[in-house]
Every structure is written in C-alpha cells, then in structure tokens.
Amino acid sequence: MKTKSLDGKVVKIVSNRYTVRADDGKEYRAYARGKLRLQGDIYVGDNVKIVFERGDAVIDMVKPRINQLVRPFVANVDSALIVVAKEPEPDMLLIDKIIINCYLEGIKPVLLYNKADLATEEEIETLFAPYKEHIDCVVLSALEKRGLEELGKYIEGNVVCFAGQSAVGKTSLLNAILDLNLKTDGLSAKIKRGKNTTRHVEIYQAFGGDVMDTCGFSMLSIVSINPEELIYYYPDFIKYQDDCRFKSCTHREEPDCAVKQAVERGEISKARYQRYLDIYEEINEHKRRLYD
Ligand SMILES: Nc1nc2c(ncn2[C@@H]2O[C@H](COP(=O)(O)OP(=O)(O)O)[C@@H](O)[C@H]2O)c(=O)[nH]1
Ligand SMILES: [Mg+2]
Ligand SMILES: [Zn+2]
C-alpha cells in the first residue's frame, strides 16, 4: 500500500511538534521520526517530506540543507537582513561576524538601519560608509513605516532571516511588513507577541517570500576557518590585495601591505580594519586552544 507523502518546509517548531507548510498549501503539525531527532536537529527552514500514519503527519526525511546558521538555528536562507539601529548602540564587531558567517554559508547579507526616526542622516551615513560599496544598505523606520517597500524587494522570492542584536526592532519591522501585506493582499496576520518569544523562530509569508523572525544573534564566534582565510570574507580588502608585497599577506605585520596603506589613506575604515585584526586574533586563539 502506498502511503500519501508530501513535500514541505518547516515553518515553526514548538518542543517536539513541527509545523510544516506542505506543497498542497496546507499546514500540518507533524512529529518527527525518532531517528531524525537522533541524527541531529530539524531546523526551521528545513525542506522535509511528510507521510501520514494513523492520521498523524510525520516528518520522514529532511532534505540536504543549502546552508544553516546557528544561534538561532535556521536552514536554507537566501539572505540575512542584518538590523542595526540608533539604539541599542550598534555592536559592529558582532555585525562584522554575522557578515563573515553569511559569506561562509553563501547567504547574501543586507544591512538595515532601523529607527531612522531617532537618527540623523549623518549618523546613518557614517555607519553605512565602510559597507555600502559591497553590501546593500537600507534605511528604515518600523515606527514611521519608512523604507518597507524597498525592504520588500529583498524578500520577494527569497527566504530571508532577520539578524542583529536584541531590541533593534526586528519583530517591529516584520510586523510593519505583515501589516502592509495585510492591507495590500489580505494574506498575512500580525505576529502575536508572546512572552516566550526569545528562543523562538518562525517563518512568515510576505512580499512573495518567506521571512524568519529570530531572537537575534547575541554572540558569535567564527571557528570554521583558519585565520589566514579570513581575508577572503572582506570584499572591501580584496581589491587592494594584489598590491601587497606578499601573495599570502594577511594585512597585519607584513611590510608593503596595500590594505594597511588603504587604511592609512582612509579608503578602508580604520575601525573596521581594527575589528578584522580582533577577529583574526580570536580565530587564532581558538585554534591555539584546540591544538595545544
Ligand atoms: N523609535 C523607534 N522605535 C522602534 C522602531 N522599531 C522598533 N522600535 C522599538 O524598539 C523596541 C524593540 O523592538 P523589537 O521589535 O522588539 O526588537 P527585536 O528584539 O529586534 O525584535 C520596541 O520598544 C519597539 O517599539 C523604530 O523604527 N523607531
Ligand atoms: Mg524580536
Ligand atoms: Zn596586505
């Protein structure tokens, strides 16, 4: 006897129940086979196959992931919408690490400045300056509903994930987007703000794409690469690299380093360069602890 099976995407996880949006357009609350839970976690964003057993939907298979992020755990993300805001004060080291992680996982980073209603144009420009040549930057205010249509362009046809510190306004932005979609196509409903939303990830549909709200990334370490490889994840450094004296230049102590010269000339932001050195050291330190 052939059992009915459906393809779908995990859009929500609450303890051991997985909400799967299946290709038939319906959502099913499914259990997962024990072997799958043993093999590793199932993430929000995972593409799965469900079967039906005695009336229960059961996740039978998890398809290979294109990529994944940890803390929070999400899978198959096309683009990360990295939110910074006037408040809380931007943690640029964290932002740079999120960007590196995006490149490592093949995820397109987009930098969003929210709460623009509280900031001056100059403050926004200063924050964007080191990035705007290689990363798309968008000015937003969830409060004033500013920039939402532009944000929609990054969501359309994609699976996107909000990232950034806590309290920058990720959920507010998502709510503003859902509101807008509700008005235009009557599709989506507002997020119910629960008390227990911190560890929670859920996918919402808007602008013809999937949006993951997350609790944000509070800390992050880059452990999957060697420090010498870090340079590949700095598109703003790469164009100078050919002019460094050494092919293997890591742009630190080496003589005749074109990247350091660009920092001196003010073409590369000093602060961003300093954070590069800090991240380099952090990876180095991690490797040392691993092998000593
Ligand atoms: N002034 C202003 N406040 C905002 C804006 N967006 C969010 N907030 C406020 O910032 C706080 C944190 O927002 P929330 O969406 O919960 O942040 P999250 O932790 O990143 O999801 C709340 O008090 C919001 O009302 C904005 O565009 N302007
Ligand atoms: Mg939130
Ligand atoms: Zn160099």
# chains A, B, ... in the order shown; residues from 1 in each chain; ligands from 1
$ select_by_dssp --residues "range 72-273 of chain A" --states "strand (DSSP E or B)" --output "mmCIF file with all heavy atoms, in the first residue's frame"
data_model
loop_
_atom_site.group_PDB
_atom_site.id
_atom_site.type_symbol
_atom_site.label_atom_id
_atom_site.label_comp_id
_atom_site.auth_asym_id
_atom_site.auth_seq_id
_atom_site.Cartn_x
_atom_site.Cartn_y
_atom_site.Cartn_z
ATOM 1 N N VAL A 74 18.611 28.070 11.939
ATOM 2 C CA VAL A 74 17.740 28.195 10.771
ATOM 3 C C VAL A 74 18.461 27.585 9.574
ATOM 4 O O VAL A 74 19.691 27.558 9.537
ATOM 5 C CB VAL A 74 17.361 29.667 10.459
ATOM 6 C CG1 VAL A 74 16.424 30.212 11.522
ATOM 7 C CG2 VAL A 74 18.584 30.557 10.329
ATOM 8 N N ALA A 75 17.688 27.121 8.623
ATOM 9 C CA ALA A 75 18.289 26.447 7.461
ATOM 10 C C ALA A 75 17.753 27.024 6.166
ATOM 11 O O ALA A 75 16.657 27.581 6.126
ATOM 12 C CB ALA A 75 17.990 24.946 7.528
ATOM 13 N N SER A 79 19.046 35.093 2.202
ATOM 14 C CA SER A 79 19.558 36.413 2.544
ATOM 15 C C SER A 79 19.346 36.695 4.027
ATOM 16 O O SER A 79 18.308 36.334 4.588
ATOM 17 C CB SER A 79 18.821 37.455 1.686
ATOM 18 O OG SER A 79 19.238 38.737 2.034
ATOM 19 N N ALA A 80 20.339 37.327 4.645
ATOM 20 C CA ALA A 80 20.201 37.739 6.044
ATOM 21 C C ALA A 80 19.996 39.247 6.084
ATOM 22 O O ALA A 80 20.785 40.004 5.518
ATOM 23 C CB ALA A 80 21.436 37.343 6.844
ATOM 24 N N LEU A 81 18.924 39.668 6.707
ATOM 25 C CA LEU A 81 18.655 41.096 6.868
ATOM 26 C C LEU A 81 19.218 41.488 8.228
ATOM 27 O O LEU A 81 18.641 41.192 9.269
ATOM 28 C CB LEU A 81 17.147 41.355 6.799
ATOM 29 C CG LEU A 81 16.435 40.782 5.563
ATOM 30 C CD1 LEU A 81 14.934 41.021 5.642
ATOM 31 C CD2 LEU A 81 17.004 41.397 4.280
ATOM 32 N N ILE A 82 20.382 42.110 8.186
ATOM 33 C CA ILE A 82 21.096 42.414 9.429
ATOM 34 C C ILE A 82 20.674 43.793 9.913
ATOM 35 O O ILE A 82 20.936 44.797 9.251
ATOM 36 C CB ILE A 82 22.618 42.363 9.203
ATOM 37 C CG1 ILE A 82 23.017 41.009 8.586
ATOM 38 C CG2 ILE A 82 23.352 42.611 10.509
ATOM 39 C CD1 ILE A 82 24.441 40.978 8.067
ATOM 40 N N VAL A 83 20.024 43.819 11.041
ATOM 41 C CA VAL A 83 19.448 45.070 11.522
ATOM 42 C C VAL A 83 20.360 45.732 12.554
ATOM 43 O O VAL A 83 20.813 45.092 13.504
ATOM 44 C CB VAL A 83 18.056 44.832 12.159
ATOM 45 C CG1 VAL A 83 17.394 46.161 12.504
ATOM 46 C CG2 VAL A 83 17.168 44.023 11.230
ATOM 47 N N VAL A 84 20.643 47.010 12.321
ATOM 48 C CA VAL A 84 21.269 47.841 13.344
ATOM 49 C C VAL A 84 20.311 49.006 13.582
ATOM 50 O O VAL A 84 19.418 49.253 12.789
ATOM 51 C CB VAL A 84 22.656 48.399 12.923
ATOM 52 C CG1 VAL A 84 23.664 47.295 12.771
ATOM 53 C CG2 VAL A 84 22.548 49.195 11.622
ATOM 54 N N ALA A 85 20.499 49.698 14.672
ATOM 55 C CA ALA A 85 19.595 50.811 14.965
ATOM 56 C C ALA A 85 20.323 51.876 15.760
ATOM 57 O O ALA A 85 21.440 51.660 16.241
ATOM 58 C CB ALA A 85 18.378 50.312 15.738
ATOM 59 N N LYS A 108 23.322 36.007 1.275
ATOM 60 C CA LYS A 108 23.549 37.402 0.921
ATOM 61 C C LYS A 108 23.219 38.297 2.125
ATOM 62 O O LYS A 108 22.089 38.313 2.597
ATOM 63 C CB LYS A 108 22.637 37.784 -0.259
ATOM 64 C CG LYS A 108 22.717 39.246 -0.666
ATOM 65 C CD LYS A 108 21.606 39.565 -1.695
ATOM 66 C CE LYS A 108 21.372 41.051 -1.868
ATOM 67 N NZ LYS A 108 22.336 41.708 -2.726
ATOM 68 N N PRO A 109 24.210 39.066 2.595
ATOM 69 C CA PRO A 109 23.903 39.973 3.698
ATOM 70 C C PRO A 109 23.338 41.296 3.189
ATOM 71 O O PRO A 109 23.765 41.794 2.156
ATOM 72 C CB PRO A 109 25.274 40.205 4.360
ATOM 73 C CG PRO A 109 26.266 39.996 3.271
ATOM 74 C CD PRO A 109 25.634 39.102 2.235
ATOM 75 N N VAL A 110 22.355 41.825 3.900
ATOM 76 C CA VAL A 110 21.831 43.159 3.619
ATOM 77 C C VAL A 110 21.834 43.906 4.950
ATOM 78 O O VAL A 110 21.460 43.351 5.977
ATOM 79 C CB VAL A 110 20.390 43.096 3.050
ATOM 80 C CG1 VAL A 110 19.862 44.496 2.759
ATOM 81 C CG2 VAL A 110 20.333 42.240 1.792
ATOM 82 N N LEU A 111 22.319 45.145 4.906
ATOM 83 C CA LEU A 111 22.425 45.901 6.152
ATOM 84 C C LEU A 111 21.254 46.880 6.263
ATOM 85 O O LEU A 111 21.019 47.691 5.365
ATOM 86 C CB LEU A 111 23.764 46.650 6.159
ATOM 87 C CG LEU A 111 24.257 47.253 7.469
ATOM 88 C CD1 LEU A 111 24.326 46.215 8.591
ATOM 89 C CD2 LEU A 111 25.636 47.890 7.260
ATOM 90 N N LEU A 112 20.515 46.772 7.358
ATOM 91 C CA LEU A 112 19.352 47.629 7.563
ATOM 92 C C LEU A 112 19.578 48.542 8.753
ATOM 93 O O LEU A 112 19.975 48.086 9.815
ATOM 94 C CB LEU A 112 18.094 46.781 7.833
ATOM 95 C CG LEU A 112 17.794 45.587 6.927
ATOM 96 C CD1 LEU A 112 16.508 44.915 7.385
ATOM 97 C CD2 LEU A 112 17.690 46.016 5.483
ATOM 98 N N TYR A 113 19.336 49.841 8.552
ATOM 99 C CA TYR A 113 19.391 50.770 9.686
ATOM 100 C C TYR A 113 17.966 51.089 10.090
ATOM 101 O O TYR A 113 17.249 51.795 9.388
ATOM 102 C CB TYR A 113 20.135 52.051 9.290
ATOM 103 C CG TYR A 113 20.541 52.898 10.485
ATOM 104 C CD1 TYR A 113 21.883 53.039 10.839
ATOM 105 C CD2 TYR A 113 19.582 53.543 11.268
ATOM 106 C CE1 TYR A 113 22.261 53.794 11.938
ATOM 107 C CE2 TYR A 113 19.959 54.303 12.369
ATOM 108 C CZ TYR A 113 21.289 54.424 12.696
ATOM 109 O OH TYR A 113 21.652 55.174 13.783
ATOM 110 N N ASN A 114 17.536 50.560 11.227
ATOM 111 C CA ASN A 114 16.177 50.806 11.693
ATOM 112 C C ASN A 114 16.167 51.944 12.724
ATOM 113 O O ASN A 114 17.214 52.366 13.198
ATOM 114 C CB ASN A 114 15.584 49.525 12.298
ATOM 115 C CG ASN A 114 14.116 49.682 12.652
ATOM 116 O OD1 ASN A 114 13.357 50.347 11.934
ATOM 117 N ND2 ASN A 114 13.690 49.072 13.748
ATOM 118 N N ASP A 136 24.365 45.860 0.204
ATOM 119 C CA ASP A 136 23.206 46.738 0.052
ATOM 120 C C ASP A 136 22.792 47.254 1.424
ATOM 121 O O ASP A 136 22.729 46.496 2.391
ATOM 122 C CB ASP A 136 22.035 45.961 -0.567
ATOM 123 C CG ASP A 136 22.296 45.639 -2.032
ATOM 124 O OD1 ASP A 136 23.326 46.106 -2.560
ATOM 125 O OD2 ASP A 136 21.475 44.925 -2.631
ATOM 126 N N CYS A 137 22.530 48.551 1.500
ATOM 127 C CA CYS A 137 22.155 49.179 2.762
ATOM 128 C C CYS A 137 20.789 49.851 2.609
ATOM 129 O O CYS A 137 20.536 50.519 1.613
ATOM 130 C CB CYS A 137 23.180 50.247 3.146
ATOM 131 S SG CYS A 137 24.830 49.594 3.457
ATOM 132 N N VAL A 138 19.925 49.676 3.584
ATOM 133 C CA VAL A 138 18.573 50.226 3.521
ATOM 134 C C VAL A 138 18.251 50.982 4.804
ATOM 135 O O VAL A 138 18.545 50.510 5.901
ATOM 136 C CB VAL A 138 17.526 49.094 3.317
ATOM 137 C CG1 VAL A 138 16.130 49.676 3.129
ATOM 138 C CG2 VAL A 138 17.893 48.202 2.133
ATOM 139 N N VAL A 139 17.678 52.182 4.650
ATOM 140 C CA VAL A 139 17.275 52.993 5.803
ATOM 141 C C VAL A 139 15.809 52.719 6.114
ATOM 142 O O VAL A 139 14.956 52.775 5.224
ATOM 143 C CB VAL A 139 17.462 54.498 5.512
ATOM 144 C CG1 VAL A 139 17.075 55.330 6.738
ATOM 145 C CG2 VAL A 139 18.892 54.793 5.090
ATOM 146 N N SER A 141 12.410 52.753 9.163
ATOM 147 C CA SER A 141 11.812 53.031 10.463
ATOM 148 C C SER A 141 10.525 52.226 10.544
ATOM 149 O O SER A 141 9.587 52.471 9.791
ATOM 150 C CB SER A 141 11.513 54.520 10.625
ATOM 151 O OG SER A 141 10.664 54.705 11.749
ATOM 152 N N ARG A 146 8.860 53.583 7.252
ATOM 153 C CA ARG A 146 9.731 54.101 6.203
ATOM 154 C C ARG A 146 10.601 52.987 5.610
ATOM 155 O O ARG A 146 11.150 52.174 6.349
ATOM 156 C CB ARG A 146 10.623 55.194 6.826
ATOM 157 C CG ARG A 146 11.672 55.738 5.903
ATOM 158 C CD ARG A 146 12.431 56.875 6.575
ATOM 159 N NE ARG A 146 13.607 57.221 5.807
ATOM 160 C CZ ARG A 146 14.607 57.967 6.258
ATOM 161 N NH1 ARG A 146 14.578 58.450 7.482
ATOM 162 N NH2 ARG A 146 15.639 58.232 5.494
ATOM 163 N N VAL A 159 13.997 33.306 0.804
ATOM 164 C CA VAL A 159 13.852 33.004 2.223
ATOM 165 C C VAL A 159 14.840 33.915 2.940
ATOM 166 O O VAL A 159 16.040 33.839 2.701
ATOM 167 C CB VAL A 159 14.198 31.527 2.536
ATOM 168 C CG1 VAL A 159 14.110 31.269 4.034
ATOM 169 C CG2 VAL A 159 13.294 30.587 1.764
ATOM 170 N N VAL A 160 14.340 34.816 3.745
ATOM 171 C CA VAL A 160 15.226 35.761 4.429
ATOM 172 C C VAL A 160 15.091 35.614 5.933
ATOM 173 O O VAL A 160 14.076 35.143 6.441
ATOM 174 C CB VAL A 160 14.954 37.232 4.026
ATOM 175 C CG1 VAL A 160 15.024 37.403 2.518
ATOM 176 C CG2 VAL A 160 13.617 37.708 4.560
ATOM 177 N N CYS A 161 16.128 36.028 6.614
ATOM 178 C CA CYS A 161 16.183 35.830 8.053
ATOM 179 C C CYS A 161 16.618 37.143 8.697
ATOM 180 O O CYS A 161 17.627 37.731 8.287
ATOM 181 C CB CYS A 161 17.212 34.728 8.298
ATOM 182 S SG CYS A 161 17.860 34.649 9.938
ATOM 183 N N PHE A 162 15.864 37.629 9.641
ATOM 184 C CA PHE A 162 16.291 38.823 10.366
ATOM 185 C C PHE A 162 17.407 38.456 11.331
ATOM 186 O O PHE A 162 17.337 37.444 12.019
ATOM 187 C CB PHE A 162 15.123 39.427 11.158
ATOM 188 C CG PHE A 162 14.272 40.352 10.349
ATOM 189 C CD1 PHE A 162 12.957 40.042 10.044
ATOM 190 C CD2 PHE A 162 14.794 41.551 9.881
ATOM 191 C CE1 PHE A 162 12.171 40.903 9.288
ATOM 192 C CE2 PHE A 162 14.027 42.420 9.122
ATOM 193 C CZ PHE A 162 12.711 42.095 8.819
ATOM 194 N N ALA A 163 18.440 39.262 11.367
ATOM 195 C CA ALA A 163 19.548 39.036 12.280
ATOM 196 C C ALA A 163 19.915 40.356 12.936
ATOM 197 O O ALA A 163 19.548 41.422 12.449
ATOM 198 C CB ALA A 163 20.751 38.476 11.524
ATOM 199 N N GLY A 164 20.643 40.288 14.001
ATOM 200 C CA GLY A 164 21.062 41.516 14.675
ATOM 201 C C GLY A 164 20.806 41.440 16.164
ATOM 202 O O GLY A 164 20.206 40.494 16.661
ATOM 203 N N GLU A 202 10.243 31.571 13.679
ATOM 204 C CA GLU A 202 9.055 31.209 12.916
ATOM 205 C C GLU A 202 9.118 31.888 11.551
ATOM 206 O O GLU A 202 9.649 32.985 11.421
ATOM 207 C CB GLU A 202 7.801 31.637 13.677
ATOM 208 C CG GLU A 202 6.531 31.124 13.048
ATOM 209 C CD GLU A 202 5.318 31.236 13.977
ATOM 210 O OE1 GLU A 202 5.497 31.460 15.184
ATOM 211 O OE2 GLU A 202 4.195 31.103 13.463
ATOM 212 N N ILE A 203 8.585 31.228 10.539
ATOM 213 C CA ILE A 203 8.575 31.785 9.187
ATOM 214 C C ILE A 203 7.222 32.417 8.889
ATOM 215 O O ILE A 203 6.185 31.818 9.151
ATOM 216 C CB ILE A 203 8.867 30.687 8.137
ATOM 217 C CG1 ILE A 203 10.284 30.149 8.328
ATOM 218 C CG2 ILE A 203 8.709 31.233 6.723
ATOM 219 C CD1 ILE A 203 10.689 29.105 7.302
ATOM 220 N N TYR A 204 7.260 33.631 8.370
ATOM 221 C CA TYR A 204 6.051 34.323 7.957
ATOM 222 C C TYR A 204 6.140 34.605 6.464
ATOM 223 O O TYR A 204 7.235 34.794 5.936
ATOM 224 C CB TYR A 204 5.907 35.649 8.723
ATOM 225 C CG TYR A 204 5.804 35.445 10.210
ATOM 226 C CD1 TYR A 204 6.949 35.364 11.005
ATOM 227 C CD2 TYR A 204 4.559 35.310 10.829
ATOM 228 C CE1 TYR A 204 6.856 35.146 12.366
ATOM 229 C CE2 TYR A 204 4.455 35.093 12.189
ATOM 230 C CZ TYR A 204 5.606 35.017 12.962
ATOM 231 O OH TYR A 204 5.512 34.804 14.301
ATOM 232 N N GLN A 205 4.979 34.671 5.811
ATOM 233 C CA GLN A 205 4.994 34.958 4.384
ATOM 234 C C GLN A 205 4.638 36.412 4.135
ATOM 235 O O GLN A 205 3.659 36.925 4.686
ATOM 236 C CB GLN A 205 3.992 34.056 3.659
ATOM 237 C CG GLN A 205 4.469 32.613 3.591
ATOM 238 C CD GLN A 205 3.450 31.724 2.932
ATOM 239 O OE1 GLN A 205 2.407 31.429 3.498
ATOM 240 N NE2 GLN A 205 3.758 31.304 1.717
ATOM 241 N N ALA A 206 5.464 37.084 3.337
ATOM 242 C CA ALA A 206 5.205 38.477 2.984
ATOM 243 C C ALA A 206 5.957 38.809 1.710
ATOM 244 O O ALA A 206 7.005 38.213 1.439
ATOM 245 C CB ALA A 206 5.657 39.402 4.104
ATOM 246 N N GLY A 209 7.688 36.177 -0.341
ATOM 247 C CA GLY A 209 8.849 35.450 0.160
ATOM 248 C C GLY A 209 8.583 34.943 1.571
ATOM 249 O O GLY A 209 7.506 35.155 2.122
ATOM 250 N N ASP A 210 9.574 34.274 2.122
ATOM 251 C CA ASP A 210 9.479 33.773 3.498
ATOM 252 C C ASP A 210 10.393 34.598 4.388
ATOM 253 O O ASP A 210 11.557 34.816 4.057
ATOM 254 C CB ASP A 210 9.930 32.312 3.560
ATOM 255 C CG ASP A 210 8.880 31.360 3.006
ATOM 256 O OD1 ASP A 210 7.681 31.709 3.080
ATOM 257 O OD2 ASP A 210 9.254 30.298 2.504
ATOM 258 N N VAL A 211 9.875 35.041 5.505
ATOM 259 C CA VAL A 211 10.667 35.855 6.430
ATOM 260 C C VAL A 211 10.765 35.140 7.773
ATOM 261 O O VAL A 211 9.756 34.778 8.359
ATOM 262 C CB VAL A 211 10.028 37.246 6.647
ATOM 263 C CG1 VAL A 211 10.963 38.127 7.481
ATOM 264 C CG2 VAL A 211 9.706 37.916 5.327
ATOM 265 N N MET A 212 11.990 34.962 8.234
ATOM 266 C CA MET A 212 12.191 34.345 9.548
ATOM 267 C C MET A 212 12.452 35.433 10.568
ATOM 268 O O MET A 212 13.377 36.226 10.421
ATOM 269 C CB MET A 212 13.422 33.428 9.515
ATOM 270 C CG MET A 212 13.296 32.254 8.578
ATOM 271 S SD MET A 212 14.926 31.518 8.335
ATOM 272 C CE MET A 212 14.482 29.967 7.564
ATOM 273 N N ASP A 213 11.642 35.451 11.583
ATOM 274 C CA ASP A 213 11.932 36.338 12.704
ATOM 275 C C ASP A 213 12.789 35.525 13.666
ATOM 276 O O ASP A 213 12.549 34.359 13.881
ATOM 277 C CB ASP A 213 10.634 36.755 13.402
ATOM 278 C CG ASP A 213 10.882 37.819 14.466
ATOM 279 O OD1 ASP A 213 11.878 38.560 14.334
ATOM 280 O OD2 ASP A 213 10.087 37.912 15.408
#
$ residues_near_ligand --ligand "ligand 2" --cutoff "9 Å" --atoms "only C-alpha atoms and all ligand atoms" --output "ChimeraX atom specification"
/A:166-172,174,193,197-198,213-216
$ select_by_dssp --residues "range 77-285 of chain A" --states "helix (DSSP H, G or I)" --output "ChimeraX atom specification"
/A:92-105,116-118,121-128,148-155,170-185,227-233,235-241,258-264,270-285
$ residues_near_ligand --ligand "ligand 3" --cutoff "10 Å" --atoms "only C-alpha atoms and all ligand atoms" --output "PyMOL selection string"
chain A and resi 231+237-238+240-262
$ closest_residue --among "A:Ala57, A:Ile100, A:Ile279, A:Ala176" --to "ligand 1" --atoms "only C-alpha atoms and all ligand atoms"
A:Ala176
$ atom_distance --atom1 "CA of Pro130 in chain A" --atom2 "CA of Arg272 in chain A"
7.3 Å
$ atom_distance --atom1 "CA of Glu27 in chain A" --atom2 "CA of Asp41 in chain A"
20.2 Å
$ closest_residue --among "A:Tyr28, A:Phe128, A:Tyr18, A:Phe207" --to "Lys153 in chain A" --atoms "only C-alpha atoms"
A:Phe207
$ residues_around --residues "Val20 in chain A" --least-positions-apart "2" --cutoff "6 Å" --atoms "only C-alpha atoms" --output "number ranges by chain"
A: 8-11, 22, 27-28
$ closest_residue --among "A:Ile283, A:Val223, A:Leu140, A:Leu178" --to "ligand 1" --atoms "only C-alpha atoms and all ligand atoms"
A:Leu140
